[in-house]
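For reference, run27.cif (mmCIF, C-alpha atoms and all ligand atoms):
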```
data_coords
loop_
_atom_site.group_PDB
_atom_site.id
_atom_site.type_symbol
_atom_site.label_atom_id
_atom_site.label_comp_id
_atom_site.auth_asym_id
_atom_site.auth_seq_id
_atom_site.Cartn_x
_atom_site.Cartn_y
_atom_site.Cartn_z
ATOM 1 C CA MET A 246 22.374 -8.674 15.996
ATOM 2 C CA THR A 247 18.746 -8.483 14.807
ATOM 3 C CA HIS A 248 19.338 -4.880 13.825
ATOM 4 C CA GLU A 249 22.111 -6.171 11.527
ATOM 5 C CA ILE A 250 19.588 -8.403 9.683
ATOM 6 C CA LEU A 251 17.390 -5.380 8.972
ATOM 7 C CA ILE A 252 20.355 -3.478 7.507
ATOM 8 C CA GLN A 253 21.206 -6.493 5.344
ATOM 9 C CA LEU A 254 17.561 -6.664 4.249
ATOM 10 C CA THR A 255 17.556 -2.999 3.252
ATOM 11 C CA ASN A 256 20.739 -3.623 1.242
ATOM 12 C CA ALA A 257 19.274 -6.717 -0.456
ATOM 13 C CA ILE A 258 16.354 -4.574 -1.669
ATOM 14 C CA ILE A 259 18.697 -1.794 -2.819
ATOM 15 C CA GLU A 260 21.009 -4.237 -4.610
ATOM 16 C CA GLY A 261 18.023 -5.959 -6.234
ATOM 17 C CA ASP A 262 18.471 -9.494 -4.931
ATOM 18 C CA PRO A 263 15.004 -11.079 -4.465
ATOM 19 C CA GLU A 264 16.386 -14.459 -3.354
ATOM 20 C CA LEU A 265 18.513 -12.918 -0.625
ATOM 21 C CA THR A 266 15.605 -10.642 0.353
ATOM 22 C CA VAL A 267 13.395 -13.680 0.993
ATOM 23 C CA GLU A 268 16.182 -15.535 2.801
ATOM 24 C CA LEU A 269 16.856 -12.576 5.113
ATOM 25 C CA THR A 270 13.129 -12.080 5.723
ATOM 26 C CA GLN A 271 12.877 -15.687 6.895
ATOM 27 C CA LYS A 272 16.002 -15.216 9.007
ATOM 28 C CA ALA A 273 14.557 -12.058 10.596
ATOM 29 C CA LEU A 274 11.323 -13.898 11.482
ATOM 30 C CA ALA A 275 13.312 -16.783 12.923
ATOM 31 C CA ALA A 276 15.264 -14.269 15.022
ATOM 32 C CA GLY A 277 11.950 -13.139 16.550
ATOM 33 C CA LEU A 278 11.485 -9.838 14.748
ATOM 34 C CA GLU A 279 7.899 -8.668 14.269
ATOM 35 C CA PRO A 280 6.660 -8.755 10.631
ATOM 36 C CA MET A 281 5.712 -5.061 10.737
ATOM 37 C CA ALA A 282 9.217 -4.117 11.962
ATOM 38 C CA ILE A 283 10.709 -6.164 9.113
ATOM 39 C CA ILE A 284 8.510 -4.282 6.627
ATOM 40 C CA GLU A 285 8.973 -0.786 8.031
ATOM 41 C CA GLN A 286 12.600 -0.950 9.140
ATOM 42 C CA GLY A 287 13.992 -3.402 6.575
ATOM 43 C CA LEU A 288 12.056 -3.454 3.307
ATOM 44 C CA VAL A 289 10.492 0.020 3.018
ATOM 45 C CA PRO A 290 13.759 1.974 3.626
ATOM 46 C CA GLY A 291 15.326 -0.079 0.822
ATOM 47 C CA MET A 292 12.513 0.825 -1.582
ATOM 48 C CA ALA A 293 12.920 4.501 -0.639
ATOM 49 C CA VAL A 294 16.617 4.406 -1.613
ATOM 50 C CA VAL A 295 15.777 2.614 -4.875
ATOM 51 C CA GLY A 296 13.270 5.410 -5.632
ATOM 52 C CA GLU A 297 15.847 8.123 -4.862
ATOM 53 C CA ARG A 298 18.466 6.460 -7.101
ATOM 54 C CA PHE A 299 15.910 6.156 -9.897
ATOM 55 C CA GLU A 300 14.971 9.814 -9.516
ATOM 56 C CA CYS A 301 18.569 10.988 -9.859
ATOM 57 C CA GLY A 302 19.293 8.697 -12.804
ATOM 58 C CA ASP A 303 21.589 6.185 -11.072
ATOM 59 C CA TYR A 304 18.980 3.424 -11.372
ATOM 60 C CA PHE A 305 16.699 2.515 -14.272
ATOM 61 C CA LEU A 306 13.289 0.874 -14.624
ATOM 62 C CA PRO A 307 14.660 -2.719 -14.411
ATOM 63 C CA ASN A 308 16.140 -1.809 -10.993
ATOM 64 C CA LEU A 309 12.701 -0.681 -9.775
ATOM 65 C CA ILE A 310 11.126 -3.880 -11.104
ATOM 66 C CA ILE A 311 13.624 -6.294 -9.553
ATOM 67 C CA SER A 312 13.593 -4.550 -6.147
ATOM 68 C CA ALA A 313 9.779 -4.490 -6.195
ATOM 69 C CA ASN A 314 9.798 -8.227 -6.998
ATOM 70 C CA GLY A 315 12.025 -8.807 -3.976
ATOM 71 C CA MET A 316 9.657 -6.848 -1.739
ATOM 72 C CA GLN A 317 6.608 -8.679 -3.100
ATOM 73 C CA ASP A 318 8.279 -12.083 -2.565
ATOM 74 C CA ALA A 319 9.133 -11.057 1.000
ATOM 75 C CA MET A 320 5.521 -9.942 1.549
ATOM 76 C CA LYS A 321 4.358 -13.453 0.582
ATOM 77 C CA VAL A 322 6.416 -14.738 3.514
ATOM 78 C CA LEU A 323 5.224 -11.992 5.883
ATOM 79 C CA GLU A 324 1.484 -11.897 5.111
ATOM 80 C CA PRO A 325 0.670 -15.248 6.776
ATOM 81 C CA GLU A 326 2.702 -14.094 9.793
ATOM 82 C CA LEU A 327 0.726 -10.853 9.982
ATOM 83 C CA ARG A 328 -2.523 -12.823 9.777
ATOM 84 C CA ALA A 329 -1.329 -15.252 12.454
ATOM 85 C CA ARG A 330 -1.012 -12.288 14.810
ATOM 86 C CA GLN A 331 -4.571 -11.154 14.086
ATOM 87 C CA GLN A 332 -6.337 -10.359 17.321
ATOM 88 C CA GLU A 333 -9.665 -8.953 16.258
ATOM 89 C CA VAL A 334 -11.929 -11.304 14.377
ATOM 90 C CA LYS A 335 -15.164 -9.366 14.133
ATOM 91 C CA VAL A 336 -15.771 -7.471 10.901
ATOM 92 C CA ALA A 337 -14.972 -3.824 11.537
ATOM 93 C CA GLY A 338 -16.268 -2.735 8.140
ATOM 94 C CA LYS A 339 -16.140 -3.514 4.440
ATOM 95 C CA VAL A 340 -13.438 -1.813 2.386
ATOM 96 C CA VAL A 341 -13.101 -1.628 -1.377
ATOM 97 C CA ILE A 342 -9.483 -0.729 -2.130
ATOM 98 C CA GLY A 343 -7.414 -0.286 -5.270
ATOM 99 C CA THR A 344 -4.724 1.702 -7.022
ATOM 100 C CA VAL A 345 -6.397 4.209 -9.322
ATOM 101 C CA GLN A 346 -6.544 4.046 -13.099
ATOM 102 C CA GLY A 347 -3.270 4.773 -14.891
ATOM 103 C CA ASP A 348 -1.198 3.680 -11.901
ATOM 104 C CA ILE A 349 0.294 0.193 -11.505
ATOM 105 C CA HIS A 350 2.090 0.651 -8.154
ATOM 106 C CA GLU A 351 0.871 -2.268 -6.103
ATOM 107 C CA ILE A 352 3.005 -2.809 -3.000
ATOM 108 C CA GLY A 353 1.769 0.014 -0.737
ATOM 109 C CA LYS A 354 -1.879 -0.564 -1.632
ATOM 110 C CA SER A 355 -1.552 -4.294 -0.944
ATOM 111 C CA LEU A 356 0.168 -3.647 2.377
ATOM 112 C CA VAL A 357 -2.653 -1.286 3.413
ATOM 113 C CA GLY A 358 -5.201 -3.934 2.313
ATOM 114 C CA THR A 359 -3.431 -6.655 4.304
ATOM 115 C CA MET A 360 -3.213 -4.516 7.431
ATOM 116 C CA LEU A 361 -6.906 -3.613 7.199
ATOM 117 C CA SER A 362 -7.741 -7.272 6.730
ATOM 118 C CA VAL A 363 -5.710 -8.451 9.726
ATOM 119 C CA ASN A 364 -7.386 -5.739 11.791
ATOM 120 C CA GLY A 365 -10.879 -7.079 11.186
ATOM 121 C CA PHE A 366 -11.973 -5.362 7.976
ATOM 122 C CA GLN A 367 -13.429 -7.327 5.087
ATOM 123 C CA VAL A 368 -11.235 -6.200 2.196
ATOM 124 C CA PHE A 369 -12.121 -6.284 -1.490
ATOM 125 C CA ASP A 370 -8.849 -5.570 -3.282
ATOM 126 C CA LEU A 371 -9.454 -4.532 -6.882
ATOM 127 C CA GLY A 372 -5.751 -4.508 -7.770
ATOM 128 C CA VAL A 373 -4.073 -1.781 -9.793
ATOM 129 C CA ASP A 374 -5.054 0.510 -12.674
ATOM 130 C CA VAL A 375 -8.660 0.476 -11.480
ATOM 131 C CA PRO A 376 -11.230 2.717 -13.225
ATOM 132 C CA ALA A 377 -13.992 4.572 -11.347
ATOM 133 C CA GLU A 378 -16.703 2.276 -12.742
ATOM 134 C CA THR A 379 -15.055 -0.767 -11.157
ATOM 135 C CA PHE A 380 -14.939 0.915 -7.722
ATOM 136 C CA ILE A 381 -18.605 1.876 -8.084
ATOM 137 C CA ALA A 382 -19.697 -1.605 -9.195
ATOM 138 C CA LYS A 383 -17.847 -3.218 -6.261
ATOM 139 C CA VAL A 384 -19.329 -0.803 -3.709
ATOM 140 C CA LYS A 385 -22.822 -1.600 -5.030
ATOM 141 C CA GLU A 386 -22.148 -5.356 -5.064
ATOM 142 C CA THR A 387 -20.655 -5.574 -1.566
ATOM 143 C CA GLY A 388 -22.423 -2.740 0.290
ATOM 144 C CA ALA A 389 -18.975 -1.565 1.430
ATOM 145 C CA ASN A 390 -18.882 1.406 3.800
ATOM 146 C CA LEU A 391 -15.315 2.431 3.002
ATOM 147 C CA VAL A 392 -13.373 3.074 -0.221
ATOM 148 C CA GLY A 393 -9.559 3.264 -0.288
ATOM 149 C CA LEU A 394 -7.825 4.977 -3.196
ATOM 150 C CA SER A 395 -4.080 4.600 -3.609
ATOM 151 C CA ALA A 396 -2.025 6.726 -6.044
ATOM 152 C CA LEU A 397 1.781 6.836 -6.309
ATOM 153 C CA LEU A 398 2.164 9.274 -9.183
ATOM 154 C CA THR A 399 1.540 13.010 -9.290
ATOM 155 C CA THR A 400 -0.176 12.327 -12.621
ATOM 156 C CA THR A 401 -2.653 9.835 -11.112
ATOM 157 C CA MET A 402 -3.500 11.664 -7.876
ATOM 158 C CA VAL A 403 -6.097 13.578 -9.888
ATOM 159 C CA VAL A 404 -7.900 10.295 -10.576
ATOM 160 C CA GLN A 405 -8.693 10.110 -6.841
ATOM 161 C CA ARG A 406 -10.745 13.285 -7.309
ATOM 162 C CA GLU A 407 -12.439 11.842 -10.409
ATOM 163 C CA ILE A 408 -13.448 8.712 -8.492
ATOM 164 C CA ILE A 409 -14.894 10.765 -5.624
ATOM 165 C CA ASP A 410 -16.884 12.776 -8.186
ATOM 166 C CA ALA A 411 -18.049 9.550 -9.857
ATOM 167 C CA LEU A 412 -19.216 8.209 -6.468
ATOM 168 C CA LYS A 413 -21.261 11.410 -6.053
ATOM 169 C CA GLN A 414 -22.790 11.038 -9.505
ATOM 170 C CA ALA A 415 -23.673 7.406 -8.762
ATOM 171 C CA GLY A 416 -25.513 8.545 -5.610
ATOM 172 C CA LEU A 417 -23.093 6.625 -3.371
ATOM 173 C CA ARG A 418 -21.051 9.383 -1.772
ATOM 174 C CA ASP A 419 -23.158 9.578 1.409
ATOM 175 C CA LYS A 420 -23.048 5.785 1.797
ATOM 176 C CA VAL A 421 -19.245 5.429 1.853
ATOM 177 C CA LYS A 422 -16.290 7.097 3.521
ATOM 178 C CA VAL A 423 -13.332 7.668 1.219
ATOM 179 C CA MET A 424 -9.719 7.429 2.363
ATOM 180 C CA VAL A 425 -6.767 8.316 0.162
ATOM 181 C CA GLY A 426 -3.038 7.635 0.343
ATOM 182 C CA GLY A 427 0.177 7.129 -1.579
ATOM 183 C CA ALA A 428 3.559 8.856 -1.654
ATOM 184 C CA PRO A 429 2.538 12.149 -3.358
ATOM 185 C CA VAL A 430 -0.792 12.415 -1.489
ATOM 186 C CA SER A 431 -1.176 14.722 1.515
ATOM 187 C CA ARG A 432 -3.754 15.722 4.083
ATOM 188 C CA SER A 433 -4.382 19.007 2.263
ATOM 189 C CA TRP A 434 -4.883 17.164 -1.046
ATOM 190 C CA ALA A 435 -7.396 14.869 0.655
ATOM 191 C CA ALA A 436 -9.300 17.902 1.941
ATOM 192 C CA GLU A 437 -9.138 19.637 -1.453
ATOM 193 C CA ILE A 438 -10.697 16.703 -3.328
ATOM 194 C CA GLY A 439 -13.362 16.031 -0.687
ATOM 195 C CA ALA A 440 -11.982 12.751 0.701
ATOM 196 C CA ASP A 441 -12.875 11.854 4.288
ATOM 197 C CA GLY A 442 -9.318 11.143 5.336
ATOM 198 C CA TYR A 443 -5.659 10.655 4.472
ATOM 199 C CA ALA A 444 -3.168 8.180 5.928
ATOM 200 C CA GLU A 445 0.590 8.284 5.472
ATOM 201 C CA ASP A 446 1.225 4.557 5.952
ATOM 202 C CA ALA A 447 -0.463 1.221 6.556
ATOM 203 C CA ILE A 448 -0.642 1.574 10.338
ATOM 204 C CA GLY A 449 -2.147 5.046 9.946
ATOM 205 C CA ALA A 450 -4.608 3.642 7.411
ATOM 206 C CA VAL A 451 -5.934 1.148 9.975
ATOM 207 C CA ALA A 452 -6.408 3.872 12.602
ATOM 208 C CA LEU A 453 -8.093 6.137 10.047
ATOM 209 C CA ALA A 454 -10.385 3.373 8.749
ATOM 210 C CA LYS A 455 -11.464 2.526 12.303
ATOM 211 C CA SER A 456 -12.244 6.152 13.081
ATOM 212 C CA LEU A 457 -14.136 6.625 9.805
ATOM 213 C CA VAL A 458 -16.404 3.609 10.299
ATOM 214 C CA ALA A 459 -16.990 4.594 13.918
ATOM 215 C CA GLY A 460 -18.571 7.746 12.482
HETATM 216 CO CO1 LIG B 501 7.525 3.844 -9.771
HETATM 217 N N1 LIG B 501 7.618 5.739 -9.279
HETATM 218 N N2 LIG B 501 7.154 4.341 -11.625
HETATM 219 N N3 LIG B 501 7.554 1.941 -10.099
HETATM 220 N N4 LIG B 501 8.191 3.648 -8.012
HETATM 221 C C1 LIG B 501 7.759 6.064 -7.864
HETATM 222 C C2 LIG B 501 6.394 6.248 -7.203
HETATM 223 C C3 LIG B 501 8.627 7.398 -7.914
HETATM 224 C C4 LIG B 501 8.396 8.332 -6.695
HETATM 225 C C5 LIG B 501 10.117 7.057 -8.091
HETATM 226 C C6 LIG B 501 10.978 8.293 -8.138
HETATM 227 O O1 LIG B 501 11.123 8.878 -9.198
HETATM 228 N N5 LIG B 501 11.556 8.691 -7.030
HETATM 229 C C7 LIG B 501 8.119 8.025 -9.268
HETATM 230 C C8 LIG B 501 6.888 8.946 -9.172
HETATM 231 C C9 LIG B 501 7.224 10.395 -9.414
HETATM 232 C C10 LIG B 501 6.008 11.235 -9.265
HETATM 233 O O2 LIG B 501 5.004 11.038 -9.855
HETATM 234 N N6 LIG B 501 6.154 12.221 -8.427
HETATM 235 C C11 LIG B 501 7.835 6.775 -10.090
HETATM 236 C C12 LIG B 501 7.765 6.733 -11.496
HETATM 237 C C13 LIG B 501 8.144 8.010 -12.224
HETATM 238 C C14 LIG B 501 7.368 5.577 -12.218
HETATM 239 C C15 LIG B 501 7.197 5.425 -13.735
HETATM 240 C C16 LIG B 501 6.513 6.608 -14.445
HETATM 241 C C17 LIG B 501 8.597 5.141 -14.310
HETATM 242 C C18 LIG B 501 8.659 5.065 -15.832
HETATM 243 O O3 LIG B 501 7.992 4.262 -16.444
HETATM 244 N N7 LIG B 501 9.474 5.918 -16.385
HETATM 245 C C19 LIG B 501 6.356 4.129 -13.839
HETATM 246 C C20 LIG B 501 4.836 4.415 -13.807
HETATM 247 C C21 LIG B 501 4.021 3.156 -14.040
HETATM 248 C C22 LIG B 501 2.543 3.408 -13.767
HETATM 249 O O4 LIG B 501 2.093 3.262 -12.636
HETATM 250 N N8 LIG B 501 1.792 3.794 -14.790
HETATM 251 C C23 LIG B 501 6.768 3.428 -12.570
HETATM 252 C C24 LIG B 501 6.794 2.036 -12.433
HETATM 253 C C25 LIG B 501 7.202 1.372 -11.299
HETATM 254 C C26 LIG B 501 7.352 -0.157 -11.233
HETATM 255 C C27 LIG B 501 6.222 -0.874 -11.953
HETATM 256 C C28 LIG B 501 8.663 -0.527 -11.875
HETATM 257 C C29 LIG B 501 7.484 -0.409 -9.684
HETATM 258 C C30 LIG B 501 6.159 -0.856 -9.002
HETATM 259 C C31 LIG B 501 6.034 -2.370 -8.959
HETATM 260 C C32 LIG B 501 4.866 -2.845 -8.168
HETATM 261 O O5 LIG B 501 4.237 -2.133 -7.390
HETATM 262 N N9 LIG B 501 4.543 -4.100 -8.407
HETATM 263 C C33 LIG B 501 7.833 0.987 -9.168
HETATM 264 C C34 LIG B 501 8.369 1.229 -7.862
HETATM 265 C C35 LIG B 501 8.758 0.020 -7.066
HETATM 266 C C36 LIG B 501 8.519 2.540 -7.330
HETATM 267 C C37 LIG B 501 9.151 2.977 -5.980
HETATM 268 C C38 LIG B 501 10.656 2.847 -6.127
HETATM 269 C C39 LIG B 501 8.704 2.220 -4.747
HETATM 270 C C40 LIG B 501 7.195 2.164 -4.511
HETATM 271 C C41 LIG B 501 6.914 1.187 -3.391
HETATM 272 O O6 LIG B 501 6.498 0.058 -3.629
HETATM 273 N N10 LIG B 501 7.225 1.601 -2.139
HETATM 274 C C42 LIG B 501 8.659 4.478 -5.895
HETATM 275 C C43 LIG B 501 9.589 5.374 -5.079
HETATM 276 C C44 LIG B 501 9.036 5.672 -3.713
HETATM 277 O O7 LIG B 501 7.840 5.600 -3.457
HETATM 278 N N11 LIG B 501 9.894 6.103 -2.839
HETATM 279 C C45 LIG B 501 8.307 4.793 -7.296
HETATM 280 C C46 LIG B 501 7.049 0.771 -0.946
HETATM 281 C C47 LIG B 501 5.602 0.878 -0.435
HETATM 282 C C48 LIG B 501 5.436 0.061 0.849
HETATM 283 O O8 LIG B 501 5.361 2.234 -0.127
HETATM 284 O O9 LIG B 501 3.858 2.521 -2.134
HETATM 285 O O10 LIG B 501 4.580 4.542 -0.768
HETATM 286 P P1 LIG B 501 4.212 3.109 -0.826
HETATM 287 O O11 LIG B 501 2.956 2.863 0.131
HETATM 288 C C49 LIG B 501 2.923 3.328 1.473
HETATM 289 C C50 LIG B 501 2.317 4.736 1.624
HETATM 290 O O12 LIG B 501 2.421 5.530 0.469
HETATM 291 C C51 LIG B 501 0.922 4.487 2.080
HETATM 292 O O13 LIG B 501 1.028 3.302 2.845
HETATM 293 C C52 LIG B 501 1.943 2.417 2.198
HETATM 294 C C53 LIG B 501 2.552 1.509 3.218
HETATM 295 O O14 LIG B 501 3.256 2.210 4.210
HETATM 296 N N12 LIG B 501 -0.168 4.258 1.111
HETATM 297 C C54 LIG B 501 -1.463 4.425 1.502
HETATM 298 C C55 LIG B 501 -0.143 3.814 -0.150
HETATM 299 N N13 LIG B 501 -1.396 3.686 -0.618
HETATM 300 C C56 LIG B 501 -2.222 4.040 0.381
HETATM 301 C C57 LIG B 501 -3.619 4.082 0.443
HETATM 302 C C58 LIG B 501 -4.213 4.505 1.631
HETATM 303 C C59 LIG B 501 -3.443 4.885 2.719
HETATM 304 C C60 LIG B 501 -2.065 4.841 2.684
HETATM 305 O O15 LIG B 501 -5.540 4.577 1.787
HETATM 306 C C61 LIG B 501 -6.369 4.071 0.793
#
```

Let me see whether you can do it: turn the structure in this file into structure tokens.
Amino acid sequence: MTHEILIQLTNAIIEGDPELTVELTQKALAAGLEPMAIIEQGLVPGMAVVGERFECGDYFLPNLIISANGMQDAMKVLEPELRARQQEVKVAGKVVIGTVQGDIHEIGKSLVGTMLSVNGFQVFDLGVDVPAETFIAKVKETGANLVGLSALLTTTMVVQREIIDALKQAGLRDKVKVMVGGAPVSRSWAAEIGADGYAEDAIGAVALAKSLVAG
């Protein structure tokens, strides 16, 4: 029965129905499903199909926008639930996170930020389309020990490298660990640009961040 709700949720994202997406998210919570299962097994698969349909020309930009709105509205319902399940309260580290300049994809970055936050990290989320200077200024201001760079486009992955280089030039590279992620990003790309680690999803990002701050 609960499995059925997740399928309906995936379809609501694919069909671009934000109201129904929120309604089904609330229904799934009421049925006792874990917020992370709702995200990973309901919402994210829907976004993947929307992306595939866009890629092959069946969907257009408005479809991406309306489905993304549905996911973001659902995340507003789920974030307090994720926080309510927070077990660790001590600060595990300070993270400055953002989607790199030229890239306005927000959902994955925000999910990673939320998961780090509910797992004890102090998160400074700079938003999207963030230039290197803003990352550097925030690291200096907060004394963060971790920087998270999200990129969803093959054309903006290169900005991750530019930001790592800018951190070096600012004399900050040995003070922070850098983690990278986003759909086109890979472990080998992370190694090539001199990042300290790559995570495929939000759960992986938490594990990586913990291992990086542990030294
Ligand atoms: Co765009 N888009 N988009 N888009 N979009 C993709 C990324 C695309 C793959 C779709 C496709 O063609 N199949 C494609 C990129 C192709 C490429 O470069 N290879 C694409 C394109 C082409 C574009 C435009 C250029 C379209 C156009 O204008 N013609 C344009 C670019 C705008 C820009 O940024 N300058 C564009 C615009 C948009 C919208 C604004 C309409 C919208 C975003 C709205 C928003 O965020 N508020 C949008 C959307 C929704 C998508 C898809 C469909 C879904 C992205 C998403 O939210 N996924 C996407 C297709 C896809 O990815 N399958 C697509 C759900 C989210 C939970 O997953 O973001 O992957 P994701 O995050 C994951 C992991 O990647 C990882 O963990 C997250 C959670 O599990 N992760 C990290 C992410 N960041 C991390 C950081 C970490 C660690 C892990 O450490 C720091």

Exercise. Between A:Gly426, A:Gly460, A:Gly416, A:Gly343, which has the minimum distance to ligand LIG 501 (chain B) (counting all atoms listed in the file)?
Worked result: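 For ligand LIG 501 (chain B), the nearest of the given residues is A:Gly426.
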
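Residue nearest ligand LIG 501 (chain B) within the list A:Val340, A:Ala257, A:Met281, A:Ala313: A:Ala313 [criterion: smallest interatomic distance, only C-alpha atoms and all ligand atoms].
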
Exercise. Within 7 Å of ligand LIG 501 (chain B), counting all atoms listed in the file: which residues, as an MDAnalysis selection string?
Worked result: chainID A and resid 289 292:293 295:297 299:300 306:307 309:310 312:314 342 347:354 356:357 393:400 424:429 443:447 450

For this session: May I ask for the distance between CA of Arg330 (chain A) and CA of Glu279 (chain A), given in Å to one decimal place?
Result: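 Going from CA of Arg330 (chain A) over to CA of Glu279 (chain A), I get 9.6 Å.
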
Seminar exercise, completed: What separates CA of Met320 (chain A) and CA of Ile284 (chain A) is a distance of 8.2 Å

Report the residues retrieved by the PyMOL selection byres (((chain A and resi 406-412) around 9) and not hetatm) from the displayed file, expressed as a PDB file with C-alpha atoms, keeping the file's coordinate frame.
```pdb
ATOM      1  CA  VAL A 345      -6.397   4.209  -9.322  1.00  0.00           C
ATOM      2  CA  PRO A 376     -11.230   2.717 -13.225  1.00  0.00           C
ATOM      3  CA  ALA A 377     -13.992   4.572 -11.347  1.00  0.00           C
ATOM      4  CA  GLU A 378     -16.703   2.276 -12.742  1.00  0.00           C
ATOM      5  CA  PHE A 380     -14.939   0.915  -7.722  1.00  0.00           C
ATOM      6  CA  ILE A 381     -18.605   1.876  -8.084  1.00  0.00           C
ATOM      7  CA  LEU A 394      -7.825   4.977  -3.196  1.00  0.00           C
ATOM      8  CA  MET A 402      -3.500  11.664  -7.876  1.00  0.00           C
ATOM      9  CA  VAL A 403      -6.097  13.578  -9.888  1.00  0.00           C
ATOM     10  CA  VAL A 404      -7.900  10.295 -10.576  1.00  0.00           C
ATOM     11  CA  GLN A 405      -8.693  10.110  -6.841  1.00  0.00           C
ATOM     12  CA  LYS A 413     -21.261  11.410  -6.053  1.00  0.00           C
ATOM     13  CA  GLN A 414     -22.790  11.038  -9.505  1.00  0.00           C
ATOM     14  CA  ALA A 415     -23.673   7.406  -8.762  1.00  0.00           C
ATOM     15  CA  GLY A 416     -25.513   8.545  -5.610  1.00  0.00           C
ATOM     16  CA  LEU A 417     -23.093   6.625  -3.371  1.00  0.00           C
ATOM     17  CA  ARG A 418     -21.051   9.383  -1.772  1.00  0.00           C
ATOM     18  CA  ASP A 419     -23.158   9.578   1.409  1.00  0.00           C
ATOM     19  CA  VAL A 421     -19.245   5.429   1.853  1.00  0.00           C
ATOM     20  CA  VAL A 423     -13.332   7.668   1.219  1.00  0.00           C
ATOM     21  CA  ALA A 435      -7.396  14.869   0.655  1.00  0.00           C
ATOM     22  CA  GLU A 437      -9.138  19.637  -1.453  1.00  0.00           C
ATOM     23  CA  ILE A 438     -10.697  16.703  -3.328  1.00  0.00           C
ATOM     24  CA  GLY A 439     -13.362  16.031  -0.687  1.00  0.00           C
ATOM     25  CA  ALA A 440     -11.982  12.751   0.701  1.00  0.00           C
TER      26      ALA A 440
END
```

For this session: Determine the nearest neighbour of Ala452 (chain A) from the options A:Val430, A:Ile250, A:Leu361, A:Ala389, counting all atoms listed in the file.
Result: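 Smallest separation from Ala452 (chain A) among the options: A:Leu361.
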
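Atom to atom, CA of Ala382 (chain A) and CA of Gln367 (chain A) stand 16.6 Å apart.
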
Problem set entry | Polymer residues at most 12 Å from (-17.4, 1.4, 10.4) by only C-alpha atoms, as a count of residues only | 27

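If you measure from each of A:Asp441, A:Glu386, A:Glu260, A:Glu249 to Tyr304 (chain A) using only C-alpha atoms, the closest one turns out to be A:Glu260.
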
For this session: Find the residue from A:Ile448, A:Val341, A:Glu285, A:Asp303 that sits nearest to Val363 (chain A); use only C-alpha atoms when measuring.
Result: A:Ile448

Exercise. From the set A:Ala282, A:Ile259, A:Val384, A:Leu288, which residue has the shortest atom-to-atom contact distance to Gln317 (chain A), counting all atoms listed in the file?
Worked result: A:Leu288

Exercise. Any idea what's packed within 9 Å of region 267-277 of chain A, counting all atoms listed in the file, ignoring anything in its chain fewer than 4 positions away? Could you give it as a list in words?
Worked result: Thr247, Ile250, Leu251, Gln253, Leu254, Ala257, Asp262, Pro263, Ile283, Gly287, Gly315, Met316, Asp318, Ala319, Met320, Val322, Leu323 and Glu326 of chain A

Provide an axis-aligned box for all listed atoms of region 434-439 of chain A, padding each side by 6 Å; report its centre and its edge lengths in Å to one decimal, as JSON.
```
{"center_x": -9.1, "center_y": 17.3, "center_z": -0.7, "size_x": 20.5, "size_y": 16.8, "size_z": 17.3}
```
